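Structure, as structure tokens:
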Amino acid sequence: MSIRLGRRQFLMGSSALLAAGAAGIGPAWAQSPLRLIFWGGQARADRTYAVTDLFEGAGNPHVEGEFLAWNDYWPKLATQTAGGTAPDIIQMDYRFIVEYATRNAIAPLDEFVGSTLQLSDFDEDQLEGGKVNGQLYGISLGANSVATLVNQSAFEAIGLAVPDNSWTYEDIATYGEAFLSAGNGMRAMSDGSGSEPMLDNWIRQRGKPLYTPEGKLGPEVDDMVEWFRMWNDFRDKGYIVTAEDQALDNGAVEASMVAMKKAALMPSNSNQLVVHQSINDDTLTIASYPRIAPGVGGGHYRKPSMFFSVGGSSANKEAAAAFINYFINDPEAGKILGVERGIPCSAAVREAIAPTLSEQDQIALNFVANLGDLLGPLPASPPNAAGEIDTSLLRVLSQEVAFGARSAEDAGQFFVDEATAILARAAG
Amino acid sequence: MAVNAAEAAPRDAASGNSIWSRAWQNHAPGYLFLLPWFIGFFGLTIGPIISSFYLSFTNFDLLTPAQWVGTANYERMFTSDRSFAASMRVTFTFVLFSVPLKLAFALGIALLLNRGMKGLPLYRALFYLPSLLGASVAIAILWRQIFAADGLVNDVLAVFGIQGPSWISNPNYSLWTLIVLSVWQFGSPMIIFLAGLRQIPQDMYEAASLDGASKWRQFWKITLPLLTPVVFFNAIIQTIEAFKSFTPAFIISGGTGAPINSTLFYTLYLYNEAFSFFRMGYASALAWFLLFLIACFTAFSFLTSKYWVHYDD
């Protein structure tokens, strides 16, 4: 049997197909809702969508949200930007904001400030963090700080005072001995030698930035050799976890050294206390990163945890700015969002939500609000290649040193040479 | 006039001299049904392949237009890229060990299953099961647990008084856990071997045993030579699969190739260049070199096949 199809039938059939396709897509074009994209997990999505519903209920346009995990988010956003289909509202990170702003992939918001965007009681340092070349490209959704995650129960169980914001690198030795003699298999601390935030904090206390405002590397060979030597010493004496244990930490919360009960302390962030507590049956708290000597501060800064930016090609910039304004200023929205994206930057919102916060949220809020002399200036946003230097250089080198494949001296020299080469390649 | 168009069409074709128009007439509905596939093939497969070839000669970060850099990407690969060298080492080690081991294992199990035992379909399905789960995320996570410091493997070793290392996080062993994972997924070559074994005429074995040939000798002189076409097929398929292996290393190392780049597979490195560091141009060049490598391996296999593959006709 053979099927015969005349030209006419063919044309009719295919145009019917096309028509059906167009009908399916049509309504989506007609409404033109605001599109929002952000990274995060289900908990963040639930809070965010509750706010978009509230926004819509107040007679505003519909906001069509989409969320992805951090790793999937950036390829997707870059692809959409390249294809000219970037969403109206884009969650942006401090690491990428310069890149997107200088390529006009996100729009300056200065024209809306004072009218659509009310920023009168917004924290000044957080506002500064969203500026590129003097123009406002991102509105901070919360302030964060690096923090040491502390297993409070473990400290109390062996009769040690829980570290507070005055603790130093020297104390790692004291705690290390105490945990070794307790002999319960838990070490005092995780191996911080491959942690970029920890290196950043340490080098800032020594008066140098990790990256200069010109995008050059801050630390010199001597600094890096000392850094690797210090951790070697802790590792050799058993104060921190073994190289094999540390290598199990692949970045997932449940694979971290505190979650696996291999260490009582580890570098983390103030907003991550909540998620770590949710999977740990011990009581956790946070303290500052250790000081290099008693009384030395200036390593910490209040980092904008993430921004909302408006897509450079958005046809609804004004409406997008109105949504951002609602998101950061509305007290009801603030109560829903809590401190999940960091400490809110509007003083009025902070006041409104304080009574509604959970215990861990209160700890995080108080920590970020009371950094005192630990606080230094907000560093320049890092150069494009910072991510690569972190993942393919610092972490690999720290493992090579930890497993004994490379000496601290060698690693220090290699880090500076290679990081300089990576920075030059990215700039060229 | 228009009403007649439909009937007119076949007559035009029938009276036309061109063999092509008649062929088109006969096959048009077929092509029509194939249209979705053609659109996908040209739009989503061939198109990107061609553009990736162009991009491999450019710098492209998705946000700004691609810049032509000539062969700089290819030069960098062989002159100044340490991670490229590391990923080649890891990938070749993986291919050279996992493929022969996997084939040997698959053949061994296929021989066992081919002895006409009861409940064969059940055993066959059970042995095939790992291949179905194969490259899944769940298995990669399970592997992490089995080979962790306090995992199943070390629990078993502890019974014999051996204190095992943390296999997946020790750079000396981590690649081997992935090789073992790959060998464990021997199901699909095993099924193909099993089918190949069924093709071997039983009278050859009968004749051989009448002549007093041992089982061992029968295997080397009858089974293996007659099975070589199947071995050849399996070897090529598995080699290509091994070169392309990605998921287990990605999941087990969290996408980093850790520890110390010991599981930095070529594909993982390519992925990171493209989607972590947004160097689409360089990643495209890496992809084309991988294609070239696989093509070389396959061509080499075909060229040497006439010396060791026996087709019985």
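Quick note on naming: the chains in the structure tokens go A, B, ... in the order shown, residues restart at 1 in each chain, and ligands are numbered from 1 in order of appearance.
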
- Task: Could you give me, as a ChimeraX atom specification, the residues within 9 Å of Asp155 in chain B, counting only C-alpha atoms and dropping anything in the same chain fewer than 5 positions from it?
- Result: /B:150,163-164

- Item | 8 Å contact set for Thr223 in chain B, only C-alpha atoms, chain neighbours under 4 positions out, as number ranges by chain | B: 197, 200, 218-219, 227

- Find the residues of chain B in contact range of chain A, meaning any atom within 10 Å when counting only C-alpha atoms, and list them as a PyMOL selection string. chain B and resi 2-10+25-30+32+61-65+83+144+148-149+165-172+251-261+272-279

Atoms to include: C-alpha atoms. Write the selected residues as a PDB file, in the first residue's frame.
ATOM      1  CA  ALA B   2      -7.496  24.745  -7.889  1.00  0.00           C
ATOM      2  CA  VAL B   3      -9.910  21.877  -7.354  1.00  0.00           C
ATOM      3  CA  ASN B   4      -7.996  19.864  -9.887  1.00  0.00           C
ATOM      4  CA  ALA B   5      -4.612  20.492  -8.392  1.00  0.00           C
ATOM      5  CA  ALA B   6      -4.684  17.410  -6.211  1.00  0.00           C
ATOM      6  CA  GLU B   7      -5.520  15.057  -9.017  1.00  0.00           C
ATOM      7  CA  ALA B   8      -3.205  16.904 -11.349  1.00  0.00           C
ATOM      8  CA  ALA B   9      -0.171  16.290  -9.245  1.00  0.00           C
ATOM      9  CA  PRO B  10       0.162  12.528  -9.761  1.00  0.00           C
ATOM     10  CA  GLN B  25       6.141  11.400  -5.622  1.00  0.00           C
ATOM     11  CA  ASN B  26       6.512   7.950  -4.153  1.00  0.00           C
ATOM     12  CA  HIS B  27       8.493   8.941  -1.115  1.00  0.00           C
ATOM     13  CA  ALA B  28       7.004  12.317  -0.255  1.00  0.00           C
ATOM     14  CA  PRO B  29       4.728  10.961   2.483  1.00  0.00           C
ATOM     15  CA  GLY B  30       7.684   9.137   3.977  1.00  0.00           C
ATOM     16  CA  LEU B  32       6.820  14.150   5.480  1.00  0.00           C
ATOM     17  CA  ASP B  61      32.135  33.678  26.153  1.00  0.00           C
ATOM     18  CA  LEU B  62      28.418  33.730  25.204  1.00  0.00           C
ATOM     19  CA  LEU B  63      27.993  37.345  26.286  1.00  0.00           C
ATOM     20  CA  THR B  64      30.132  39.031  23.632  1.00  0.00           C
ATOM     21  CA  PRO B  65      30.386  38.090  19.935  1.00  0.00           C
ATOM     22  CA  SER B  83      45.019  20.523  32.803  1.00  0.00           C
ATOM     23  CA  ARG B 144      30.659   7.306  46.966  1.00  0.00           C
ATOM     24  CA  ALA B 148      34.194   5.955  51.454  1.00  0.00           C
ATOM     25  CA  ALA B 149      36.536   5.536  54.431  1.00  0.00           C
ATOM     26  CA  PRO B 165      41.974   3.957  52.792  1.00  0.00           C
ATOM     27  CA  SER B 166      39.199   6.290  51.745  1.00  0.00           C
ATOM     28  CA  TRP B 167      39.183   5.018  48.180  1.00  0.00           C
ATOM     29  CA  ILE B 168      37.273   7.790  46.447  1.00  0.00           C
ATOM     30  CA  SER B 169      39.085  10.658  48.126  1.00  0.00           C
ATOM     31  CA  ASN B 170      42.615   9.292  47.795  1.00  0.00           C
ATOM     32  CA  PRO B 171      44.260  10.401  44.538  1.00  0.00           C
ATOM     33  CA  ASN B 172      46.049   7.035  44.228  1.00  0.00           C
ATOM     34  CA  ILE B 251      28.946  13.237  40.440  1.00  0.00           C
ATOM     35  CA  ILE B 252      31.637  11.569  42.517  1.00  0.00           C
ATOM     36  CA  SER B 253      34.049  14.501  42.402  1.00  0.00           C
ATOM     37  CA  GLY B 254      31.350  17.171  42.507  1.00  0.00           C
ATOM     38  CA  GLY B 255      32.360  18.277  39.009  1.00  0.00           C
ATOM     39  CA  THR B 256      35.919  19.176  39.959  1.00  0.00           C
ATOM     40  CA  GLY B 257      37.933  16.089  39.014  1.00  0.00           C
ATOM     41  CA  ALA B 258      39.120  15.953  42.633  1.00  0.00           C
ATOM     42  CA  PRO B 259      41.198  14.815  44.390  1.00  0.00           C
ATOM     43  CA  ILE B 260      44.174  16.515  42.686  1.00  0.00           C
ATOM     44  CA  ASN B 261      42.643  16.159  39.212  1.00  0.00           C
ATOM     45  CA  ASN B 272      34.239  22.933  33.029  1.00  0.00           C
ATOM     46  CA  GLU B 273      35.892  25.008  30.313  1.00  0.00           C
ATOM     47  CA  ALA B 274      32.520  25.512  28.635  1.00  0.00           C
ATOM     48  CA  PHE B 275      30.064  25.843  31.482  1.00  0.00           C
ATOM     49  CA  SER B 276      32.118  26.887  34.506  1.00  0.00           C
ATOM     50  CA  PHE B 277      34.565  29.271  32.829  1.00  0.00           C
ATOM     51  CA  PHE B 278      32.505  30.103  29.699  1.00  0.00           C
ATOM     52  CA  ARG B 279      35.311  29.488  27.245  1.00  0.00           C
TER      53      ARG B 279
END

- Message: Show me, as a list of chain:residue names, the residues that have an atom within 12 Å of Arg198 in chain B when counting only C-alpha atoms, minus same-chain residues fewer than 3 positions from it.
- Response: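 Here the qualifying residues turn out to be B:Ala110, B:Leu111, B:Leu113, B:Asn114, B:Arg115, B:Gly116, B:Ile191, B:Ile192, B:Phe193, B:Leu194, B:Ala195, B:Pro201, B:Gln202, B:Thr223, B:Leu226, B:Leu227, B:Val230.
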
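Of the residues under consideration (A:Thr356, A:Ser381, A:Asn133, A:Ser153), A:Thr356 shows the shortest atom-to-atom contact distance to Glu332 in chain A when counting only C-alpha atoms.
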
- Quote the spacing between CA of Gly70 in chain B and CA of Phe92 in chain B in Å to one decimal place. 28.0 Å

- Item | Of the listed residues A:Asn316, A:Ser140, A:Ser288, A:Gln118, that which approaches Val162 in chain A most closely, counting only C-alpha atoms |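 For Val162 in chain A, the nearest of the given residues is A:Ser288.
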
- Task: Might you pull out every residue within 10 Å of Pro379 in chain A, with only C-alpha atoms counted and same-chain residues fewer than 6 positions away left off, and present them as a VMD selection string?
- Result: chain A and resid 129 204 209 to 213 300 to 303

- So which residues touch range 84-90 of chain B within 9 Å, counting only C-alpha atoms, skipping near sequence neighbours fewer than 4 positions away, as a PyMOL selection string? chain B and resi 77-78+80+94-95+175+257+261-269+286

Any chance you could export the current selection's C-alpha atoms as a PDB file, in the first residue's frame?
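Final output, selection.pdb:
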ATOM      1  CA  MET B  77      46.082  22.551  24.064  1.00  0.00           C
ATOM      2  CA  PHE B  78      49.457  21.121  23.139  1.00  0.00           C
ATOM      3  CA  SER B  80      50.694  25.401  27.621  1.00  0.00           C
ATOM      4  CA  PHE B  94      40.591   4.846  32.122  1.00  0.00           C
ATOM      5  CA  VAL B  95      40.101   3.614  28.546  1.00  0.00           C
ATOM      6  CA  LEU B 175      40.320   6.610  39.338  1.00  0.00           C
ATOM      7  CA  GLY B 257      37.933  16.089  39.014  1.00  0.00           C
ATOM      8  CA  ASN B 261      42.643  16.159  39.212  1.00  0.00           C
ATOM      9  CA  SER B 262      42.900  12.376  39.531  1.00  0.00           C
ATOM     10  CA  THR B 263      39.396  11.957  38.068  1.00  0.00           C
ATOM     11  CA  LEU B 264      39.556  14.898  35.676  1.00  0.00           C
ATOM     12  CA  PHE B 265      38.157  13.073  32.657  1.00  0.00           C
ATOM     13  CA  TYR B 266      38.540  14.754  29.297  1.00  0.00           C
ATOM     14  CA  THR B 267      34.793  15.327  29.091  1.00  0.00           C
ATOM     15  CA  LEU B 268      34.741  16.778  32.598  1.00  0.00           C
ATOM     16  CA  TYR B 269      37.511  19.202  31.712  1.00  0.00           C
ATOM     17  CA  LEU B 286      38.551  20.295  22.908  1.00  0.00           C
TER      18      LEU B 286
END

- Message: I need the residues in range 2-190 of chain A that are alpha helix (DSSP H) according to DSSP; give them as a PyMOL selection string.
- Response: chain A and resi 7-31+42-57+70-82+97-102+124-129+152-157+169-182

Using only C-alpha atoms, determine which residues lie at most 8 Å from Ile363 in chain A, disregarding the query and same-chain residues fewer than 4 positions distant; provide the list as a short mmCIF file (atom, residue, chain, number, x, y, z; two decimals) with C-alpha atoms, in the first residue's frame.
data_model
loop_
_atom_site.label_atom_id
_atom_site.label_comp_id
_atom_site.auth_asym_id
_atom_site.auth_seq_id
_atom_site.Cartn_x
_atom_site.Cartn_y
_atom_site.Cartn_z
CA THR A 285 26.29 28.27 66.11
CA ILE A 286 28.56 30.70 64.31
CA GLU A 359 16.64 31.03 66.62
CA PHE A 367 26.32 38.17 64.02
#

- Task: Rank nothing, just name the residue among A:Val253, A:Ala411, A:Leu374, A:Arg229 nearest to Gln277 in chain A, using only C-alpha atoms.
- Result: A:Val253

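As for CA of Val51 in chain A and CA of Leu284 in chain A, they are spaced 29.5 Å apart.
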
- Query: Which value, in Å to one decimal, gives the distance between CA of Asp191 in chain A and CA of Phe234 in chain A?
  - Reply: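 So the two atoms, CA of Asp191 in chain A and CA of Phe234 in chain A, lie 8.6 Å apart.
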
- Message: Which of range 31-88 of chain A end up as strand (DSSP E) when DSSP is run on this backbone - answer as a PyMOL selection string?
- Response: chain A and resi 34-39+63-68
